[in-house]
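File shown here: run.cif, holding mmCIF, C-alpha atoms.
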data_coords
loop_
_atom_site.label_atom_id
_atom_site.label_comp_id
_atom_site.auth_asym_id
_atom_site.auth_seq_id
_atom_site.Cartn_x
_atom_site.Cartn_y
_atom_site.Cartn_z
CA MET A 1 -12.76 40.76 37.28
CA ILE A 2 -15.52 38.98 39.20
CA LYS A 3 -15.49 41.76 41.85
CA PHE A 4 -15.74 44.33 39.08
CA PHE A 5 -18.90 42.76 37.61
CA ARG A 6 -20.38 42.29 41.07
CA LYS A 7 -19.86 45.96 41.83
CA ILE A 8 -21.64 46.98 38.61
CA ARG A 9 -24.60 44.78 39.48
CA GLN A 10 -24.84 46.26 42.97
CA ASN A 11 -24.72 49.84 41.65
CA LEU A 12 -27.47 49.14 39.10
CA LEU A 13 -29.69 47.54 41.72
CA SER A 14 -29.10 50.30 44.25
CA GLU A 15 -30.06 52.92 41.65
CA ASN A 16 -33.25 50.97 40.77
CA LYS A 17 -32.16 50.76 37.15
CA PHE A 18 -33.76 47.35 36.63
CA SER A 19 -33.94 47.52 32.84
CA LYS A 20 -30.26 48.32 32.61
CA TYR A 21 -29.53 45.58 35.09
CA LEU A 22 -31.50 43.12 33.01
CA LEU A 23 -29.57 44.06 29.91
CA TYR A 24 -26.36 43.78 31.85
CA ALA A 25 -27.35 40.33 33.18
CA ILE A 26 -28.15 39.12 29.67
CA GLY A 27 -24.82 40.46 28.42
CA GLU A 28 -22.98 38.73 31.23
CA ILE A 29 -24.71 35.44 30.41
CA LEU A 30 -23.76 35.84 26.77
CA LEU A 31 -20.16 36.46 27.73
CA VAL A 32 -20.16 33.32 29.84
CA VAL A 33 -21.72 31.30 27.03
CA ILE A 34 -19.22 32.68 24.51
CA GLY A 35 -16.39 31.84 26.90
CA ILE A 36 -17.65 28.29 27.28
CA LEU A 37 -18.02 27.89 23.50
CA ILE A 38 -14.49 29.18 22.93
CA ALA A 39 -13.14 26.81 25.58
CA LEU A 40 -15.01 23.90 23.99
CA GLN A 41 -13.73 24.82 20.54
CA ILE A 42 -10.15 24.99 21.80
CA ASN A 43 -10.61 21.64 23.49
CA ASN A 44 -12.02 20.20 20.24
CA TRP A 45 -9.05 21.56 18.31
CA ASN A 46 -6.67 19.95 20.78
CA LEU A 47 -8.52 16.63 20.62
CA GLU A 48 -8.58 16.79 16.82
CA LYS A 49 -4.83 17.45 16.80
CA ILE A 50 -4.27 14.43 19.04
CA ASP A 51 -6.50 12.26 16.83
CA ARG A 52 -4.66 13.28 13.69
CA LYS A 53 -1.32 12.43 15.29
CA GLN A 54 -2.70 9.04 16.30
CA GLU A 55 -4.11 8.56 12.82
CA ALA A 56 -0.72 9.28 11.24
CA LYS A 57 0.90 6.81 13.62
CA LEU A 58 -1.72 4.16 12.79
CA LEU A 59 -1.36 4.70 9.04
CA SER A 60 2.42 4.49 9.34
CA GLN A 61 2.10 1.19 11.19
CA ILE A 62 -0.27 -0.19 8.57
CA THR A 63 2.17 0.86 5.83
CA ALA A 64 5.06 -0.86 7.63
CA ASP A 65 2.97 -4.02 8.01
CA LEU A 66 1.97 -4.06 4.34
CA GLU A 67 5.54 -3.46 3.17
CA LYS A 68 6.70 -6.34 5.35
CA ASN A 69 3.91 -8.50 3.95
CA LYS A 70 5.04 -7.64 0.42
CA VAL A 71 8.49 -8.98 1.23
CA GLU A 72 6.93 -12.14 2.69
CA LEU A 73 4.78 -12.63 -0.41
CA THR A 74 7.79 -12.19 -2.70
CA GLU A 75 9.65 -14.89 -0.78
CA LEU A 76 6.54 -17.06 -0.82
CA GLN A 77 6.33 -16.78 -4.62
CA GLU A 78 9.97 -17.87 -4.86
CA ARG A 79 9.28 -20.88 -2.66
CA LEU A 80 6.21 -21.85 -4.65
CA ALA A 81 8.23 -21.49 -7.85
CA VAL A 82 10.42 -24.32 -6.52
CA ASN A 83 7.32 -26.49 -6.00
CA LYS A 84 6.05 -25.67 -9.48
CA TYR A 85 9.40 -26.34 -11.16
CA ALA A 86 9.73 -29.66 -9.35
CA MET A 87 6.22 -30.76 -10.36
CA ASP A 88 6.69 -29.73 -13.99
CA SER A 89 10.05 -31.50 -14.16
CA LEU A 90 8.80 -34.71 -12.52
CA LEU A 91 5.74 -34.85 -14.76
CA VAL A 92 7.99 -34.57 -17.83
CA ARG A 93 10.24 -37.37 -16.51
CA LEU A 94 7.21 -39.58 -15.86
CA GLN A 95 5.72 -38.86 -19.27
CA ASP A 96 9.02 -39.64 -21.04
CA ASN A 97 9.88 -42.55 -18.70
CA ASN A 98 13.21 -40.86 -18.19
CA TYR A 99 14.69 -41.40 -14.73
CA THR A 100 17.53 -39.09 -13.74
CA THR A 101 19.37 -38.45 -10.47
CA MET A 102 17.26 -35.30 -10.13
CA VAL A 103 14.01 -37.25 -9.61
CA PRO A 104 14.53 -37.63 -5.81
CA PHE A 105 15.07 -33.87 -5.61
CA TYR A 106 11.87 -33.18 -7.55
CA VAL A 107 9.86 -35.52 -5.32
CA ALA A 108 11.30 -33.88 -2.20
CA PHE A 109 10.74 -30.31 -3.36
CA ILE A 110 7.13 -31.08 -4.25
CA GLN A 111 6.54 -31.89 -0.57
CA ARG A 112 7.82 -28.53 0.63
CA LYS A 113 5.30 -26.38 2.52
CA SER A 114 5.46 -22.58 2.46
CA TYR A 115 3.67 -20.21 4.81
CA PHE A 116 2.61 -16.55 4.82
CA PRO A 117 3.32 -15.13 8.32
CA LYS A 118 1.50 -11.85 7.76
CA ALA A 119 2.23 -8.76 9.87
CA SER A 120 -1.00 -7.32 11.28
CA SER A 121 -0.20 -4.91 14.14
CA GLY A 122 -2.00 -1.99 12.46
CA PHE A 123 -4.98 -4.13 11.49
CA ASN A 124 -5.27 -5.37 15.08
CA MET A 125 -5.38 -1.75 16.25
CA ILE A 126 -8.25 -1.14 13.82
CA LYS A 127 -10.12 -4.17 15.12
CA ASN A 128 -9.56 -3.01 18.69
CA GLY A 129 -11.45 0.24 18.19
CA LYS A 130 -9.04 2.54 16.32
CA ALA A 131 -10.94 2.45 13.01
CA PRO A 132 -12.66 5.85 13.63
CA LEU A 133 -9.23 7.51 13.63
CA ILE A 134 -8.89 6.87 9.87
CA THR A 135 -10.75 9.76 8.23
CA ASN A 136 -10.19 8.54 4.66
CA ASP A 137 -12.90 5.91 4.16
CA SER A 138 -11.33 4.56 1.01
CA ILE A 139 -8.06 3.77 2.83
CA LEU A 140 -9.93 2.01 5.61
CA LYS A 141 -11.89 0.02 3.03
CA ASP A 142 -8.69 -1.01 1.22
CA VAL A 143 -7.01 -2.18 4.42
CA LEU A 144 -10.05 -4.10 5.67
CA ASN A 145 -10.50 -5.73 2.26
CA LEU A 146 -6.89 -6.89 2.22
CA TYR A 147 -6.91 -8.39 5.69
CA GLU A 148 -10.45 -9.74 5.84
CA ASN A 149 -10.74 -10.97 2.25
CA ASP A 150 -7.44 -11.31 0.38
CA PHE A 151 -5.27 -12.47 3.27
CA ASN A 152 -7.95 -14.88 4.49
CA ASN A 153 -8.16 -16.21 0.94
CA LEU A 154 -4.39 -16.70 0.95
CA ASP A 155 -4.72 -18.69 4.18
CA LEU A 156 -7.41 -20.92 2.65
CA ARG A 157 -5.32 -21.56 -0.46
CA GLU A 158 -2.30 -22.30 1.73
CA HIS A 159 -4.34 -24.81 3.76
CA GLU A 160 -5.67 -26.44 0.58
CA MET A 161 -2.20 -26.87 -0.90
CA HIS A 162 -0.75 -28.26 2.33
CA SER A 163 -3.63 -30.73 2.63
CA GLN A 164 -2.91 -31.97 -0.89
CA ILE A 165 0.79 -32.29 -0.06
CA ASP A 166 -0.09 -34.35 3.04
CA GLY A 167 -2.36 -36.56 0.92
CA LEU A 168 0.38 -37.06 -1.66
CA GLN A 169 2.85 -37.91 1.09
CA ASN A 170 0.57 -40.37 2.90
CA ASP A 171 -1.01 -42.07 -0.13
CA PHE A 172 1.99 -42.34 -2.43
CA VAL A 173 5.39 -41.16 -1.20
CA ASN A 174 5.26 -43.24 2.00
CA LYS A 175 4.29 -46.32 -0.03
CA LEU A 176 6.06 -46.02 -3.37
CA PHE A 177 9.33 -44.33 -2.36
CA ARG A 178 12.23 -44.95 -0.02
CA PRO A 179 14.40 -42.37 1.76
CA GLY A 180 17.14 -41.05 -0.47
CA ASN A 181 20.84 -41.10 0.25
CA ASN A 182 21.38 -38.74 3.21
CA ARG A 183 24.55 -37.46 1.62
CA MET A 184 22.39 -36.00 -1.15
CA ASN A 185 20.23 -33.94 1.18
CA VAL A 186 20.30 -30.25 0.28
CA LYS A 187 19.39 -26.90 1.74
CA LEU A 188 18.03 -24.06 -0.35
CA GLU A 189 19.86 -20.93 0.69
CA GLY A 190 17.54 -18.43 2.35
CA PHE A 191 14.73 -20.97 2.60
CA ASP A 192 15.75 -23.91 4.73
CA GLU A 193 17.02 -24.25 8.27
CA VAL A 194 17.43 -28.02 7.90
CA PRO A 195 18.23 -30.12 4.81
CA THR A 196 15.41 -31.42 2.63
CA GLU A 197 14.85 -35.18 2.84
CA LEU A 198 15.09 -36.90 -0.53
CA PHE A 199 12.85 -39.71 -1.80
CA GLU A 200 13.77 -42.37 -4.39
CA PRO A 201 11.04 -44.35 -6.22
CA LEU A 202 10.97 -48.08 -5.50
CA ASN A 203 10.11 -48.74 -9.17
CA PHE A 204 10.18 -45.79 -11.52
CA ASP A 205 8.71 -47.74 -14.44
CA ASN A 206 5.61 -48.59 -12.43
CA LEU A 207 5.37 -44.98 -11.33
CA THR A 208 5.16 -43.78 -14.93
CA THR A 209 1.85 -45.64 -15.36
CA ASN A 210 0.44 -44.84 -11.93
CA TYR A 211 -2.18 -42.42 -13.20
CA GLU A 212 -3.67 -41.82 -9.78
CA TYR A 213 -0.31 -40.48 -8.64
CA ILE A 214 0.10 -38.46 -11.83
CA ASN A 215 -3.40 -37.00 -11.49
CA ARG A 216 -2.66 -36.00 -7.90
CA LEU A 217 0.46 -34.23 -9.13
CA LEU A 218 -1.57 -32.42 -11.77
CA GLN A 219 -4.15 -31.41 -9.17
CA LEU A 220 -1.44 -30.10 -6.84
CA LYS A 221 0.15 -28.24 -9.75
CA LYS A 222 -3.16 -26.54 -10.51
CA THR A 223 -3.56 -25.54 -6.86
CA THR A 224 -0.01 -24.17 -6.82
CA ASP A 225 -0.56 -22.17 -10.01
CA SER A 226 -3.78 -20.75 -8.58
CA ARG A 227 -2.03 -19.82 -5.35
CA ILE A 228 0.75 -18.03 -7.21
CA ALA A 229 -1.75 -16.13 -9.39
CA PHE A 230 -3.73 -14.98 -6.36
CA ILE A 231 -0.54 -13.87 -4.58
CA ARG A 232 0.29 -11.67 -7.58
CA LYS A 233 -3.17 -10.08 -7.48
CA THR A 234 -2.88 -9.48 -3.74
CA ASP A 235 0.58 -7.98 -4.22
CA LEU A 236 -0.85 -5.43 -6.67
CA LYS A 237 -3.62 -4.54 -4.21
CA MET A 238 -1.03 -4.01 -1.48
CA ASP A 239 0.95 -1.70 -3.79
CA SER A 240 -2.19 0.35 -4.37
CA ALA A 241 -3.02 0.54 -0.65
CA ILE A 242 0.54 1.48 0.33
CA ASN A 243 0.73 4.25 -2.29
CA HIS A 244 -2.68 5.56 -1.22
CA ILE A 245 -1.65 5.75 2.42
CA LYS A 246 1.68 7.39 1.61
CA ARG A 247 -0.06 10.05 -0.48
CA GLU A 248 -2.42 10.74 2.42
CA LEU A 249 0.48 11.05 4.87
CA ARG A 250 2.34 13.44 2.53
CA ILE A 251 -0.77 15.65 2.29
CA ARG A 252 -1.11 15.69 6.08
CA HIS A 253 2.57 16.50 6.51
CA HIS A 254 2.37 19.52 4.22
#
For this file, produce the structure as structure tokens.
Amino acid sequence: MIKFFRKIRQNLLSENKFSKYLLYAIGEILLVVIGILIALQINNWNLEKIDRKQEAKLLSQITADLEKNKVELTELQERLAVNKYAMDSLLVRLQDNNYTTMVPFYVAFIQRKSYFPKASSGFNMIKNGKAPLITNDSILKDVLNLYENDFNNLDLREHEMHSQIDGLQNDFVNKLFRPGNNRMNVKLEGFDEVPTELFEPLNFDNLTTNYEYINRLLQLKKTTDSRIAFIRKTDLKMDSAINHIKRELRIRHH
């Protein structure tokens, strides 16, 4: 093909047909430019195809992470429900001055700490430069809001509750209680790897009028209730984000 065009140029020059040669040269340049543009467009299509495949993979990973986090939050709510039940029950016993064999269990379960080990592989990919792959801005906004706001808020509430538990342990349980009978130690199925240590009050009557201890329990109960309420809100936001991503992936697939 190159020899063919070269031969045409030589014939036009040898015949002194400069105007025709000029037109021919312009046409050849246009052909080259068109060829380059077509090649660039094909390359762009290929790159776009690769990006969309990577986007689908990233969105799938984010969905898997969020679904795993939903399971973790459900388990966390169940654990916190144990804390809440124990606090409510102990407060009733203290108010009624009614000691039962369940009191050591309530005191022990109040001390239980629960964590949210969030999955964040997809979010880490976003933070490491993959954010431009997500073409739906609203999805990206939802994901960033969950990880940078809601999940961070969950961490802060977790830290606050655990700090209050430590304070309750150090200021009261270590001073006003003794270790319970080891034979009574229990494990909550699905929650515990080791038995929970029980605590028996040294003097339950005195404990019923220890308003500093009672107020600390009430404060911890409020923190626990707030943590549970925020988990429920976050869970709804995760549902919305997951459904949004799945709809986007279905559209892309079809």
In Å and to one decimal, CA of Ile165 (chain A) is distant from CA of Asn181 (chain A) by 21.9 Å
Decode the PyMOL selection byres ((chain A and resi 159) around 12) for the given file into explicit residues and return them as a PyMOL selection string. chain A and resi 113-116+152-158+160-166+223-224+227
Restricting the calculation to all atoms listed in the file: of A:Ala119, A:Val82, A:Ala64, A:Met102, which residue gets closest to Phe151 (chain A)?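 Looking at the shortest contact to Phe151 (chain A), the residue is A:Ala119.
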Target residues per the PyMOL selection byres ((chain A and resi 229) around 12), formatted as an MDAnalysis selection string: chainID A and resid 73 76:77 80:81 154 157 222:228 230:236
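For the set A:Lys57, A:Pro117, A:Thr100, A:Leu218, the residue with the smallest atom-to-atom gap to Glu72 (chain A) is A:Pro117, counting only C-alpha atoms.
Nearest to Met125 (chain A) of all the residues A:Leu202, A:Arg250, A:Leu144, A:Ser89 is A:Leu144, based on all atoms listed in the file.
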Leaving out Phe177 (chain A) and any residue of its chain fewer than 2 positions from it, which residues lie within 7 Å of it when counting all atoms listed in the file, given as a list in words?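 Here the qualifying residues turn out to be Val173, Asn174, Lys175, Pro179, Phe199, Glu200, Pro201 and Leu202 of chain A.
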Might you pull out every residue within 8 Å of region 47-56 of chain A, with all atoms listed in the file counted and same-chain residues fewer than 5 positions away left off, and present them as a list in words?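 Close residues of region 47-56 of chain A: Leu133, Ile134 and Leu249 of chain A.
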Of A:Ile214, A:Val71, A:Ile110, A:Val92, the one sitting nearest Gln169 (chain A) when using only C-alpha atoms is A:Ile110
For the PyMOL selection byres ((chain A and resi 209) around 12), applied here, can you spell out every residue it catches as a list of chain:residue names? A:Leu91, A:Arg93, A:Leu94, A:Gln95, A:Asp96, A:Asn97, A:Asn203, A:Phe204, A:Asp205, A:Asn206, A:Leu207, A:Thr208, A:Asn210, A:Tyr211, A:Glu212, A:Tyr213, A:Ile214, A:Asn215
Figure out the distance between CA of Glu248 (chain A) and CA of Ile62 (chain A), please, to one decimal in Å. 12.7 Å
Could you check how far CA of Ala131 (chain A) sits from CA of Leu146 (chain A), in Å to one decimal? 14.8 Å
Return the single residue from A:Asn83, A:Gln61, A:Asn170, A:Asn69 that is closest to Arg112 (chain A), with distances computed using all atoms listed in the file.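 Ranking A:Asn83, A:Gln61, A:Asn170, A:Asn69 by distance to Arg112 (chain A), first place goes to A:Asn83.
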Given all atoms listed in the file as the counted atoms, nearest of A:Tyr99, A:Glu78, A:Asn136, A:Phe109 to Arg252 (chain A): A:Asn136
Considering all atoms listed in the file, return as a ChimeraX atom specification whatever protein or nucleic-acid residues lie within 9 Å of Lys246 (chain A), sequence-local ones (same chain, fewer than 3 positions apart) excluded. /A:59-60,63,241-243,249-251
Hey, can I get the axis-aligned box for region 217-222 of chain A? All listed atoms, 8 Å padding on each side, centre and edge lengths in Å to one decimal, as AutoDock Vina command-line options.
--center_x -1.8 --center_y -30.4 --center_z -9.3 --size_x 20.6 --size_y 23.7 --size_z 20.9
